[in-house]
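S.K.: run-v4.txt is the file, holding compact mmCIF, C-alpha atoms:
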```txt
# COMPACT_ATOMS: atom_id res chain seq x y z
CA MET K 21 15.62 19.58 -24.09
CA LYS K 22 15.25 23.05 -22.71
CA MET K 23 18.88 23.75 -23.32
CA LYS K 24 18.53 22.52 -26.85
CA THR K 25 15.65 24.86 -27.57
CA THR K 26 17.29 27.80 -25.88
CA PHE K 27 20.50 27.27 -27.69
CA ALA K 28 18.82 26.99 -31.05
CA MET K 29 16.98 30.22 -30.42
CA LEU K 30 20.19 31.90 -29.34
CA ALA K 31 21.99 30.82 -32.44
CA GLY K 32 19.27 31.86 -34.81
CA GLY K 33 18.43 35.04 -33.00
CA LEU K 34 21.96 36.27 -32.87
CA LEU K 35 22.62 35.54 -36.48
CA PHE K 36 19.70 37.55 -37.71
CA ALA K 37 19.37 40.18 -35.05
CA GLY K 38 22.87 41.60 -34.86
CA ILE K 39 24.49 42.59 -31.59
CA ALA K 40 27.61 44.59 -31.01
CA ASN K 41 30.95 42.80 -30.83
CA ALA K 42 34.48 43.77 -29.99
CA GLN K 43 36.85 40.84 -30.10
CA VAL K 44 38.92 39.57 -32.98
CA ALA K 45 37.72 36.68 -35.05
CA ALA K 46 40.81 34.56 -34.53
CA PRO K 47 42.29 34.74 -31.03
CA ARG K 48 45.88 35.95 -30.86
CA PRO K 49 48.41 35.81 -28.06
CA SER K 50 47.71 39.47 -27.34
CA LEU K 51 44.05 39.69 -28.30
CA PRO K 52 41.09 37.64 -27.16
CA GLY K 53 38.85 35.90 -29.62
CA PRO K 54 35.20 34.92 -29.52
CA GLY K 55 33.91 34.29 -26.06
CA SER K 56 37.00 36.03 -24.61
CA LEU K 57 39.02 33.06 -25.69
CA THR K 58 42.74 33.65 -25.35
CA ILE K 59 45.80 31.80 -26.46
CA THR K 60 48.29 31.43 -23.67
CA ASP K 61 50.96 29.05 -22.62
CA THR K 62 49.65 28.79 -19.09
CA ARG K 63 48.20 25.40 -19.74
CA ASN K 64 51.00 24.50 -22.06
CA PRO K 65 54.34 23.83 -20.35
CA ASN K 66 56.00 22.95 -23.59
CA ARG K 67 56.06 25.99 -25.80
CA ALA K 68 57.69 27.01 -29.02
CA ASP K 69 57.80 30.53 -30.33
CA ALA K 70 58.99 31.56 -33.72
CA ASP K 71 58.41 35.26 -33.29
CA ALA K 72 62.02 35.91 -34.14
CA ASN K 73 61.22 34.82 -37.63
CA ARG K 74 60.06 38.30 -38.45
CA SER K 75 61.45 40.15 -41.38
CA ARG K 76 60.12 43.07 -43.30
CA THR K 77 62.23 42.57 -46.36
CA GLY K 78 62.94 38.88 -46.54
CA ARG K 79 61.13 36.40 -48.66
CA SER K 80 60.31 32.75 -48.61
CA GLU K 81 60.59 32.39 -44.89
CA ASP K 82 59.87 28.94 -43.71
CA SER K 83 58.95 27.81 -40.26
CA TYR K 84 58.25 24.33 -39.07
CA VAL K 85 57.28 23.38 -35.52
CA GLN K 86 56.64 19.85 -34.41
CA GLN K 87 55.52 18.97 -30.91
CA LEU K 88 54.67 15.60 -29.46
CA GLY K 89 52.52 14.99 -26.42
CA THR K 90 50.01 16.92 -24.38
CA GLY K 91 49.89 20.56 -23.36
CA GLN K 92 51.80 22.06 -26.23
CA TYR K 93 51.94 25.70 -27.23
CA ALA K 94 53.26 27.01 -30.50
CA SER K 95 53.20 30.52 -31.87
CA VAL K 96 54.61 31.55 -35.22
CA ILE K 97 54.46 35.17 -36.35
CA GLN K 98 55.76 36.09 -39.75
CA ASN K 99 55.76 39.67 -40.86
CA SER K 100 57.28 39.49 -44.25
CA TYR K 101 57.45 40.84 -47.74
CA SER K 102 55.56 37.87 -49.09
CA ASP K 103 55.64 34.17 -49.69
CA THR K 104 56.14 32.81 -46.21
CA HIS K 105 55.32 29.35 -45.06
CA ALA K 106 54.56 28.04 -41.62
CA ASP K 107 53.77 24.56 -40.34
CA ILE K 108 52.75 23.54 -36.87
CA VAL K 109 52.33 19.87 -36.20
CA GLN K 110 51.14 18.73 -32.81
CA THR K 111 50.68 15.02 -32.55
CA ALA K 112 51.04 12.03 -30.26
CA ASN K 113 47.84 12.65 -28.35
CA ALA K 114 48.32 16.40 -28.33
CA THR K 115 45.56 17.15 -25.86
CA ASN K 116 45.04 20.78 -24.84
CA ALA K 117 47.43 21.98 -27.50
CA ASP K 118 47.37 25.59 -28.68
CA ALA K 119 48.70 26.66 -32.04
CA TYR K 120 48.83 30.17 -33.46
CA GLN K 121 50.05 31.43 -36.79
CA GLU K 122 50.14 35.00 -37.98
CA GLN K 123 51.30 36.08 -41.38
CA ILE K 124 51.38 39.73 -42.39
CA GLN K 125 52.17 40.34 -46.01
CA THR K 126 53.74 43.70 -46.76
CA ASN K 127 53.60 43.43 -50.54
CA SER K 128 50.30 42.29 -51.92
CA THR K 129 51.53 41.98 -55.49
CA LEU K 130 53.78 39.04 -54.72
CA PRO K 131 52.82 35.43 -54.02
CA GLY K 132 50.92 34.87 -50.81
CA SER K 133 51.78 32.91 -47.74
CA SER K 134 50.63 29.58 -46.44
CA ALA K 135 49.90 28.39 -42.95
CA TYR K 136 49.23 24.86 -41.91
CA ILE K 137 48.25 23.46 -38.53
CA TYR K 138 47.78 19.81 -37.83
CA GLN K 139 46.59 18.64 -34.44
CA ASN K 140 45.89 15.14 -33.38
CA GLY K 141 44.24 15.24 -30.00
CA GLN K 142 41.40 16.59 -27.92
CA ARG K 143 40.46 20.08 -26.79
CA ASP K 144 43.00 21.56 -29.11
CA LEU K 145 42.96 25.13 -30.34
CA ALA K 146 44.14 26.34 -33.73
CA SER K 147 44.14 30.00 -34.64
CA GLN K 148 45.38 31.51 -37.88
CA TYR K 149 45.48 35.13 -38.96
CA GLN K 150 46.60 36.28 -42.38
CA ASN K 151 46.68 39.73 -43.88
CA GLY K 152 47.37 40.02 -47.58
CA SER K 153 46.39 38.36 -50.81
CA GLY K 154 46.79 34.91 -52.21
CA ASN K 155 47.19 33.35 -48.80
CA ARG K 156 46.29 29.83 -47.79
CA ALA K 157 45.39 28.66 -44.31
CA VAL K 158 44.68 25.08 -43.40
CA ALA K 159 43.74 23.74 -40.01
CA SER K 160 43.38 20.00 -39.70
CA GLN K 161 42.21 18.46 -36.45
CA THR K 162 41.84 14.77 -36.64
CA SER K 163 42.19 11.36 -35.02
CA THR K 164 39.80 10.81 -32.13
CA GLY K 165 39.58 14.55 -31.81
CA PHE K 166 36.63 16.19 -30.14
CA SER K 167 36.01 19.54 -28.50
CA ASN K 168 38.55 21.07 -30.81
CA LEU K 169 38.41 24.73 -31.79
CA SER K 170 39.60 26.28 -35.00
CA TYR K 171 39.62 29.97 -35.89
CA GLN K 172 40.73 31.53 -39.14
CA GLU K 173 40.76 35.19 -40.08
CA GLN K 174 41.89 36.54 -43.42
CA THR K 175 41.95 40.06 -44.78
CA GLY K 176 42.62 40.53 -48.48
CA ASN K 177 41.73 39.00 -51.80
CA ASN K 178 42.07 35.56 -53.31
CA ASN K 179 42.61 33.90 -49.98
CA ALA K 180 41.57 30.40 -49.02
CA ALA K 181 40.78 29.06 -45.60
CA THR K 182 40.19 25.41 -44.92
CA VAL K 183 39.15 23.66 -41.74
CA SER K 184 38.97 19.93 -41.54
CA GLN K 185 37.77 18.35 -38.34
CA THR K 186 37.54 14.68 -38.93
CA GLY K 187 38.85 11.45 -37.59
CA ILE K 188 38.08 7.95 -36.54
CA ALA K 189 35.00 7.45 -34.43
CA SER K 190 35.91 6.36 -30.96
CA GLY K 191 33.82 7.07 -27.90
CA ASN K 192 32.98 10.67 -27.29
CA VAL K 193 33.73 12.17 -30.65
CA GLY K 194 32.32 15.32 -32.15
CA GLY K 195 31.68 18.68 -30.58
CA ASN K 196 34.13 20.53 -32.74
CA PHE K 197 33.88 24.22 -33.55
CA ALA K 198 35.17 26.15 -36.55
CA GLN K 199 34.97 29.82 -37.35
CA GLN K 200 36.17 31.49 -40.51
CA VAL K 201 36.03 35.23 -41.12
CA GLN K 202 37.16 36.73 -44.39
CA GLN K 203 37.22 40.32 -45.58
CA GLY K 204 37.88 40.90 -49.26
CA ASN K 205 37.06 39.54 -52.68
CA SER K 206 37.31 36.15 -54.33
CA ASN K 207 38.00 34.33 -51.10
CA LEU K 208 37.19 30.74 -50.29
CA ALA K 209 36.14 29.35 -46.94
CA ARG K 210 35.72 25.63 -46.61
CA THR K 211 34.78 23.61 -43.56
CA THR K 212 34.43 19.88 -43.27
CA GLN K 213 33.22 18.37 -40.02
CA ASP K 214 32.46 14.80 -39.18
CA TYR K 215 30.37 13.45 -36.35
CA SER K 216 27.72 15.15 -34.32
CA ASN K 217 27.49 18.41 -32.45
CA ALA K 218 29.78 20.24 -34.81
CA TRP K 219 29.57 23.99 -35.21
CA SER K 220 30.56 26.00 -38.21
CA VAL K 221 30.48 29.77 -38.40
CA ILE K 222 31.46 31.55 -41.60
CA GLU K 223 31.41 35.25 -42.24
CA GLN K 224 32.49 36.70 -45.56
CA ARG K 225 32.44 40.34 -46.55
CA GLY K 226 33.20 41.28 -50.12
CA ASN K 227 32.40 40.08 -53.59
CA SER K 228 32.74 36.80 -55.42
CA ASN K 229 33.45 34.82 -52.31
CA THR K 230 32.66 31.17 -51.84
CA ALA K 231 31.69 29.29 -48.71
CA LEU K 232 31.51 25.54 -48.52
CA VAL K 233 30.30 23.67 -45.45
CA ARG K 234 29.94 19.94 -45.16
CA GLN K 235 28.78 18.40 -41.95
CA GLN K 236 28.10 14.73 -41.76
CA MET Y 26 11.18 16.73 -57.31
CA LYS Y 27 13.87 14.12 -57.50
CA THR Y 28 15.35 16.11 -60.29
CA HIS Y 29 15.58 19.09 -57.96
CA LEU Y 30 17.36 17.17 -55.25
CA LEU Y 31 19.63 15.51 -57.74
CA TRP Y 32 20.47 18.85 -59.27
CA LEU Y 33 21.08 20.27 -55.85
CA ALA Y 34 23.32 17.40 -54.86
CA THR Y 35 25.23 17.79 -58.10
CA SER Y 36 25.61 21.49 -57.48
CA LEU Y 37 26.94 20.89 -54.02
CA LEU Y 38 29.59 18.63 -55.41
CA SER Y 39 30.51 20.70 -58.40
CA GLY Y 40 30.98 23.99 -56.60
CA PRO Y 41 30.31 27.65 -57.32
CA ALA Y 42 29.03 29.23 -60.48
CA LEU Y 43 27.69 32.75 -60.23
CA ARG Y 44 29.67 35.96 -60.18
CA ALA Y 45 28.58 39.59 -60.38
CA GLN Y 46 28.67 43.20 -59.22
CA ALA Y 47 26.95 45.70 -56.91
CA GLN Y 48 26.63 45.77 -53.17
CA THR Y 49 24.06 46.77 -50.59
CA THR Y 50 24.16 47.83 -47.01
CA PRO Y 51 24.00 44.95 -44.55
CA PRO Y 52 21.19 44.93 -41.99
CA GLY Y 53 23.12 42.87 -39.47
CA GLU Y 54 26.78 43.70 -39.16
CA GLY Y 55 29.03 41.01 -37.83
CA THR Y 56 26.23 38.66 -37.07
CA ALA Y 57 28.04 35.43 -37.74
CA GLN Y 58 31.00 36.49 -35.68
CA GLN Y 59 28.68 37.70 -32.97
CA LEU Y 60 27.15 34.31 -32.94
CA ALA Y 61 30.52 32.73 -32.43
CA GLU Y 62 31.43 35.24 -29.78
CA ALA Y 63 28.20 34.73 -27.96
CA LEU Y 64 28.66 31.02 -28.04
CA GLY Y 65 32.30 31.02 -27.13
CA PRO Y 66 34.23 27.95 -26.14
CA ASP Y 67 32.81 27.83 -22.65
CA GLN Y 68 29.24 27.70 -23.81
CA LEU Y 69 30.15 25.29 -26.50
CA LEU Y 70 31.68 22.96 -24.00
CA SER Y 71 28.62 23.16 -21.80
CA VAL Y 72 26.40 22.45 -24.73
CA ARG Y 73 28.51 19.54 -25.71
CA ALA Y 74 28.01 18.12 -22.28
CA GLY Y 75 24.26 18.36 -22.77
CA ALA Y 76 21.94 16.29 -24.83
CA ASP Y 77 22.08 18.40 -27.95
CA GLN Y 78 24.13 16.61 -30.54
CA ARG Y 79 23.06 18.58 -33.54
CA ASN Y 80 25.38 19.98 -36.11
CA THR Y 81 25.05 23.69 -36.64
CA ALA Y 82 26.19 25.92 -39.47
CA SER Y 83 25.76 29.66 -39.52
CA LEU Y 84 26.78 31.66 -42.51
CA LEU Y 85 26.78 35.34 -43.35
CA GLN Y 86 27.83 36.67 -46.73
CA ASN Y 87 27.77 40.36 -47.42
CA GLY Y 88 28.59 41.46 -50.93
CA ALA Y 89 27.89 40.53 -54.51
CA GLY Y 90 28.46 37.40 -56.51
CA ASN Y 91 29.00 35.23 -53.49
CA THR Y 92 28.29 31.54 -53.35
CA ALA Y 93 27.33 29.50 -50.32
CA THR Y 94 27.03 25.76 -50.34
CA LEU Y 95 26.02 23.84 -47.27
CA SER Y 96 25.56 20.13 -46.96
CA GLN Y 97 24.35 18.52 -43.77
CA SER Y 98 23.45 14.93 -43.34
CA SER Y 99 22.41 13.11 -40.23
CA LEU Y 100 21.08 9.82 -41.39
CA ASN Y 101 22.24 8.14 -38.21
CA LEU Y 102 22.64 11.18 -36.00
CA PRO Y 103 20.42 13.84 -34.48
CA ALA Y 104 19.15 16.69 -36.57
CA ASN Y 105 21.09 19.50 -38.17
CA GLN Y 106 20.42 23.18 -38.18
CA ALA Y 107 21.55 25.90 -40.55
CA TYR Y 108 21.27 29.67 -40.33
CA ILE Y 109 22.12 31.55 -43.49
CA ALA Y 110 22.06 35.22 -44.39
CA GLN Y 111 23.13 36.67 -47.71
CA VAL Y 112 23.10 40.40 -48.28
CA GLY Y 113 23.89 41.82 -51.70
CA ALA Y 114 23.27 41.13 -55.35
CA THR Y 115 23.61 38.04 -57.49
CA ASN Y 116 24.46 35.73 -54.66
CA GLU Y 117 23.90 32.01 -54.83
CA LEU Y 118 22.79 29.73 -52.05
CA ASN Y 119 22.74 25.95 -52.12
CA LEU Y 120 21.58 23.93 -49.15
CA LEU Y 121 20.99 20.24 -48.75
CA GLN Y 122 19.90 18.62 -45.51
CA LEU Y 123 19.39 14.91 -45.19
CA GLY Y 124 17.80 13.23 -42.20
CA SER Y 125 15.05 14.03 -39.73
CA ALA Y 126 14.09 17.08 -37.73
CA ASN Y 127 16.50 19.31 -39.58
CA ARG Y 128 15.98 23.03 -39.51
CA ALA Y 129 17.12 25.65 -41.97
CA THR Y 130 16.59 29.38 -41.67
CA TYR Y 131 17.67 31.67 -44.48
CA THR Y 132 17.40 35.23 -45.69
CA GLN Y 133 18.45 36.70 -48.99
CA THR Y 134 18.35 40.45 -49.33
CA GLY Y 135 19.21 42.02 -52.66
CA ASN Y 136 18.56 41.61 -56.35
CA GLY Y 137 19.36 38.81 -58.72
CA ASN Y 138 19.95 36.18 -56.08
CA GLN Y 139 19.44 32.48 -56.49
CA GLY Y 140 18.54 29.94 -53.86
CA LEU Y 141 18.24 26.22 -54.15
CA LEU Y 142 17.32 24.59 -50.87
CA GLY Y 143 16.33 21.01 -50.30
CA GLN Y 144 15.52 18.74 -47.40
CA ARG Y 145 14.99 15.04 -47.52
CA GLY Y 146 13.62 13.21 -44.53
CA THR Y 147 10.96 13.57 -41.86
CA ALA Y 148 9.83 16.49 -39.75
CA ASN Y 149 12.12 19.01 -41.36
CA THR Y 150 11.58 22.74 -41.24
CA LEU Y 151 12.52 25.26 -43.88
CA GLU Y 152 11.94 28.88 -43.02
CA GLY Y 153 13.12 32.04 -44.69
CA SER Y 154 12.56 35.18 -46.65
CA VAL Y 155 13.73 36.63 -49.93
CA THR Y 156 13.61 40.35 -50.54
CA GLY Y 157 14.62 41.91 -53.83
CA ASN Y 158 14.00 41.91 -57.54
CA GLN Y 159 14.90 39.27 -60.08
CA ASN Y 160 15.44 36.60 -57.47
CA ALA Y 161 14.94 32.91 -58.06
CA VAL Y 162 14.27 30.49 -55.25
CA SER Y 163 13.49 26.82 -55.23
CA LEU Y 164 12.48 25.07 -52.03
CA THR Y 165 12.06 21.32 -52.02
CA GLN Y 166 11.12 18.87 -49.30
CA ASP Y 167 10.91 15.15 -49.79
CA GLY Y 168 9.38 13.23 -46.89
CA ASN Y 169 6.61 13.43 -44.32
CA ASN Y 170 5.63 15.96 -41.67
CA ASN Y 171 7.72 18.69 -43.22
CA GLN Y 172 7.05 22.38 -43.11
CA ILE Y 173 7.92 25.36 -45.29
CA THR Y 174 7.39 28.91 -44.15
CA SER Y 175 8.51 31.55 -46.62
CA GLN Y 176 8.17 35.20 -47.34
CA VAL Y 177 8.76 36.93 -50.62
CA ALA Y 178 8.96 40.60 -51.41
CA ALA Y 179 9.68 42.62 -54.57
CA ASP Y 180 9.21 42.11 -58.26
CA ASN Y 181 9.86 39.76 -61.08
CA ARG Y 182 10.99 36.77 -59.16
CA GLN Y 183 10.83 33.10 -59.79
CA TYR Y 184 9.65 31.06 -56.88
CA ASN Y 185 9.08 27.32 -56.77
CA LEU Y 186 7.93 25.32 -53.78
CA SER Y 187 7.66 21.57 -53.83
CA GLN Y 188 6.71 19.03 -51.20
CA ILE Y 189 6.44 15.33 -51.74
CA GLY Y 190 5.01 13.25 -48.90
CA ASN Y 191 2.28 13.23 -46.30
CA ASN Y 192 1.28 15.69 -43.60
CA ASN Y 193 3.31 18.48 -45.11
CA SER Y 194 2.48 22.14 -44.91
CA ILE Y 195 3.40 25.34 -46.72
CA THR Y 196 2.82 28.87 -45.54
CA GLN Y 197 3.70 31.57 -48.01
CA ARG Y 198 3.42 35.33 -47.62
CA GLU Y 199 4.03 37.64 -50.52
CA THR Y 200 4.13 41.30 -51.32
CA THR Y 201 5.20 40.66 -54.84
CA PRO Y 202 3.23 42.79 -57.30
CA SER Y 203 4.21 40.64 -60.21
CA ALA Y 204 5.89 37.37 -60.93
CA GLN Y 205 6.72 37.39 -64.59
CA ARG Y 206 9.40 34.79 -64.25
CA GLY Y 207 7.14 32.18 -62.76
CA TYR Y 208 5.65 30.95 -59.56
CA SER Y 209 4.62 27.46 -58.63
CA ILE Y 210 3.63 25.44 -55.60
CA GLU Y 211 3.42 21.70 -55.83
CA GLN Y 212 2.32 19.25 -53.16
CA ARG Y 213 1.98 15.54 -53.60
CA GLY Y 214 0.75 13.24 -50.87
CA SER Y 215 -2.05 13.23 -48.34
CA ASN Y 216 -3.17 15.48 -45.52
CA MET Y 217 -1.45 18.46 -47.01
CA HIS Y 218 -1.85 22.05 -45.88
CA ILE Y 219 -1.14 25.19 -47.77
CA THR Y 220 -1.65 28.83 -46.95
CA VAL Y 221 -0.76 31.60 -49.37
CA GLU Y 222 -1.20 35.24 -48.48
CA GLN Y 223 -0.72 37.67 -51.31
CA GLY Y 224 -0.63 41.42 -51.31
CA ARG Y 225 0.04 41.83 -47.62
CA GLY Y 226 2.91 43.85 -46.31
CA LEU Y 227 5.82 42.11 -44.72
CA PRO Y 228 7.39 43.48 -41.57
CA GLY Y 229 9.99 46.03 -42.49
CA VAL Y 230 9.17 45.94 -46.18
CA PRO Y 231 7.42 49.00 -47.70
```
Please render this file's structure as structure tokens.
M.R.:
Amino acid sequence: MKMKTTFAMLAGGLLFAGIANAQVAAPRPSLPGPGSLTITDTRNPNRADADANRSRTGRSEDSYVQQLGTGQYASVIQNSYSDTHADIVQTANATNADAYQEQIQTNSTLPGSSAYIYQNGQRDLASQYQNGSGNRAVASQTSTGFSNLSYQEQTGNNNAATVSQTGIASGNVGGNFAQQVQQGNSNLARTTQDYSNAWSVIEQRGNSNTALVRQQ
Amino acid sequence: MKTHLLWLATSLLSGPALRAQAQTTPPGEGTAQQLAEALGPDQLLSVRAGADQRNTASLLQNGAGNTATLSQSSLNLPANQAYIAQVGATNELNLLQLGSANRATYTQTGNGNQGLLGQRGTANTLEGSVTGNQNAVSLTQDGNNNQITSQVAADNRQYNLSQIGNNNSITQRETTPSAQRGYSIEQRGSNMHITVEQGRGLPGVP
């Protein structure tokens, strides 16, 4: 009970008091995220990197990573003109799986990029970072998933970020965490969380933005 | 009352509506992210191991014409909690909490904002402040042992408080010189408590 009270006070106090911060909103392989959270492959013996997919002039780059089993690590970085697409699918009880997607758009007048992460397991981590306009990021963590973390960071206009943490109730479910940070105008952040002890943090800076949170 | 909750539920399903212009300086930079950073995965995991099974949503919007819609229900689960801050003009806030012992804390700072907040259930708490001109806020609680604590500052706002049930209480503090657009408090039930303080300065508000 004491922890409950303390934690509630911490959450409320921090939100309305304002304390300095330094880390990025969505953890990256080279930069820590909230709580000094880092994405590494140290706990993930099976890794897949698509960093070589970089191109400053190409278009319509497409990356698809599928990993089955526990302890997976996938990192996809796309630095492109526009209109890239990246999928990471980690299934078959993908416990302790880390997935990272980064999409840097070098021409904001062209169609945006899309990033999709699907994880079916426990204690999974999904992190997505997009810079540009018209981008879409989706992180779906499902099945009997609990203690999953999802971070999304978008800079630009007309972006959409979606986190879905749902699944079939079985034993110790819940305890998922989602954070979405958007900088720009006309952005959409949407979080859906099922089961108890779910945490949603949304921060939007700019005009005409929309935030939707559903916890049930 | 039921109309308010129905309207709120409909709004939550139908999505955003308002858009606009202008921007103000935020009082709390990076607060939502700071919250996440302070919590961090380690603390989250430790909390998960504890007895607290509440859902939590924290939201910060800084700008104009933003829309926030939060829906929390815990009919068969422990209570929910929501922390919301909107800074800027013509923002819209919709909140619906269903269940018992829910807690919502909100602030709206700026002009032309709208807030529609509702709780249905027992022992819920709704606490917040609205500062700015031309704001419109509607707070509704349906159930017993609920509590509203609100603060209002600035001119020409519309403010409606409604509680249906027993053992409910409202505490309202205002520095609003005028309320041309309307102001109402409604309580229905038994053993109700209401305190309204008008003309007193709010902390940090001239």
S.K.: Need to verify the contact set: Asn113 of chain K, 8 Å, all atoms listed in the file, exclusion of same-chain residues closer than 3 positions in sequence. Can you return it as a list in words?
M.R.: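 My list of contacting residues is Leu88, Gly89, Thr90, Asn140, Gly141 and Gln142 of chain K.
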S.K.: Let's have the selection written as a PDB file, keeping the file's coordinate frame, with C-alpha atoms.
M.R.:
```
ATOM      1  CA  LEU K  88      54.670  15.600 -29.460  1.00  0.00           C
ATOM      2  CA  GLY K  89      52.520  14.990 -26.420  1.00  0.00           C
ATOM      3  CA  THR K  90      50.010  16.920 -24.380  1.00  0.00           C
ATOM      4  CA  ASN K 140      45.890  15.140 -33.380  1.00  0.00           C
ATOM      5  CA  GLY K 141      44.240  15.240 -30.000  1.00  0.00           C
ATOM      6  CA  GLN K 142      41.400  16.590 -27.920  1.00  0.00           C
TER       7      GLN K 142
END
```
S.K.: How many Å lie between atom CA of Tyr93 of chain K and atom CA of Gln202 of chain K, rounded to one decimal?
M.R.: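 Straight-line distance from atom CA of Tyr93 of chain K to atom CA of Gln202 of chain K works out to 25.2 Å.
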S.K.: Any idea which chain K residues end up within 6 Å of chain Y if we count all atoms listed in the file, as a list in words please?
M.R.: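 The complete set of qualifying residues is Lys24, Leu34, Leu35, Gly38, Asn41, Pro54, Gly55, Gly195, Ser216, Asn217, Ala218, Trp219, Ser220, Val221, Ile222, Glu223, Gln224, Arg225, Gly226, Asn227, Ser228, Asn229, Thr230, Ala231, Leu232, Val233, Arg234, Gln235 and Gln236 of chain K.
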S.K.: Keeping only C-alpha atoms, write those residues as an mmCIF file, keeping the file's coordinate frame.
M.R.:
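Below is the file part16.cif, written as the result:
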```
data_model
loop_
_atom_site.group_PDB
_atom_site.id
_atom_site.type_symbol
_atom_site.label_atom_id
_atom_site.label_comp_id
_atom_site.auth_asym_id
_atom_site.auth_seq_id
_atom_site.Cartn_x
_atom_site.Cartn_y
_atom_site.Cartn_z
ATOM 1 C CA LYS K 24 18.530 22.520 -26.850
ATOM 2 C CA LEU K 34 21.960 36.270 -32.870
ATOM 3 C CA LEU K 35 22.620 35.540 -36.480
ATOM 4 C CA GLY K 38 22.870 41.600 -34.860
ATOM 5 C CA ASN K 41 30.950 42.800 -30.830
ATOM 6 C CA PRO K 54 35.200 34.920 -29.520
ATOM 7 C CA GLY K 55 33.910 34.290 -26.060
ATOM 8 C CA GLY K 195 31.680 18.680 -30.580
ATOM 9 C CA SER K 216 27.720 15.150 -34.320
ATOM 10 C CA ASN K 217 27.490 18.410 -32.450
ATOM 11 C CA ALA K 218 29.780 20.240 -34.810
ATOM 12 C CA TRP K 219 29.570 23.990 -35.210
ATOM 13 C CA SER K 220 30.560 26.000 -38.210
ATOM 14 C CA VAL K 221 30.480 29.770 -38.400
ATOM 15 C CA ILE K 222 31.460 31.550 -41.600
ATOM 16 C CA GLU K 223 31.410 35.250 -42.240
ATOM 17 C CA GLN K 224 32.490 36.700 -45.560
ATOM 18 C CA ARG K 225 32.440 40.340 -46.550
ATOM 19 C CA GLY K 226 33.200 41.280 -50.120
ATOM 20 C CA ASN K 227 32.400 40.080 -53.590
ATOM 21 C CA SER K 228 32.740 36.800 -55.420
ATOM 22 C CA ASN K 229 33.450 34.820 -52.310
ATOM 23 C CA THR K 230 32.660 31.170 -51.840
ATOM 24 C CA ALA K 231 31.690 29.290 -48.710
ATOM 25 C CA LEU K 232 31.510 25.540 -48.520
ATOM 26 C CA VAL K 233 30.300 23.670 -45.450
ATOM 27 C CA ARG K 234 29.940 19.940 -45.160
ATOM 28 C CA GLN K 235 28.780 18.400 -41.950
ATOM 29 C CA GLN K 236 28.100 14.730 -41.760
#
```
S.K.: State, in Å with one decimal place, the distance from atom CA of Tyr136 of chain K to atom CA of Ala157 of chain K.
M.R.: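 Pair atom CA of Tyr136 of chain K / atom CA of Ala157 of chain K returns 5.9 Å.
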S.K.: Closest to Ser160 of chain K among K:Leu208, K:Asn177, K:Ile108, K:Asn99, using only C-alpha atoms?
M.R.: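 Closest residue, counting only C-alpha atoms: K:Ile108.
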S.K.: Excluding Leu164 of chain Y and any residue of its chain fewer than 6 positions from it, enumerate the residues within 9 Å of it, using all atoms listed in the file, and give them as a ChimeraX atom specification.
M.R.: /Y:29,140-144,151,173,184-188
S.K.: Let me make sure I understand: among Y:Gln159, Y:Gln183, Y:Thr165, Y:Gln176, which one has the smallest atom-to-atom distance to Tyr208 of chain Y if we use all atoms listed in the file?
M.R.: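 With all atoms listed in the file as the atom set, the closest residue is Y:Gln183.
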S.K.: Please, which residues are within 8 Å of (2.4, 12.8, -53.1) by the file's coordinates, counting all atoms listed in the file, and could they come as a ChimeraX atom specification?
M.R.: /Y:188-191,212-215
S.K.: Neighbouring residues of segment 116-133 of chain K were defined as those with any atom within 6 Å, considering only C-alpha atoms; residues of the same chain fewer than 3 positions away were excluded. Please report them as a ChimeraX atom specification.
M.R.: /K:91-105,143-155
S.K.: Quick check, in Å to one decimal: how far apart do atom CA of Asn127 of chain Y and atom CA of Glu222 of chain Y lie?
M.R.: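 Taking atom CA of Asn127 of chain Y and atom CA of Glu222 of chain Y, their separation equals 25.4 Å.
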S.K.: Saving segment 149-170 of chain K with C-alpha atoms, as an mmCIF file, in the first residue's frame, what would that file be?
M.R.:
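New file out.cif:
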```
data_model
loop_
_atom_site.group_PDB
_atom_site.id
_atom_site.type_symbol
_atom_site.label_atom_id
_atom_site.label_comp_id
_atom_site.auth_asym_id
_atom_site.auth_seq_id
_atom_site.Cartn_x
_atom_site.Cartn_y
_atom_site.Cartn_z
ATOM 1 C CA TYR K 149 12.186 6.628 -34.094
ATOM 2 C CA GLN K 150 11.032 8.558 -37.123
ATOM 3 C CA ASN K 151 12.079 11.945 -38.394
ATOM 4 C CA GLY K 152 10.045 13.486 -41.167
ATOM 5 C CA SER K 153 6.447 13.947 -42.157
ATOM 6 C CA GLY K 154 3.639 11.615 -43.006
ATOM 7 C CA ASN K 155 5.210 8.723 -41.157
ATOM 8 C CA ARG K 156 3.438 5.825 -39.520
ATOM 9 C CA ALA K 157 4.715 3.763 -36.629
ATOM 10 C CA VAL K 158 2.913 0.787 -35.201
ATOM 11 C CA ALA K 159 4.015 -1.369 -32.308
ATOM 12 C CA SER K 160 1.865 -4.353 -31.498
ATOM 13 C CA GLN K 161 2.650 -6.513 -28.497
ATOM 14 C CA THR K 162 0.188 -9.249 -27.978
ATOM 15 C CA SER K 163 -0.565 -12.827 -26.992
ATOM 16 C CA THR K 164 0.016 -13.530 -23.310
ATOM 17 C CA GLY K 165 2.339 -10.573 -23.275
ATOM 18 C CA PHE K 166 3.143 -8.758 -20.076
ATOM 19 C CA SER K 167 5.948 -6.518 -18.908
ATOM 20 C CA ASN K 168 6.400 -5.332 -22.448
ATOM 21 C CA LEU K 169 7.825 -1.909 -23.245
ATOM 22 C CA SER K 170 7.080 0.220 -26.242
#
```
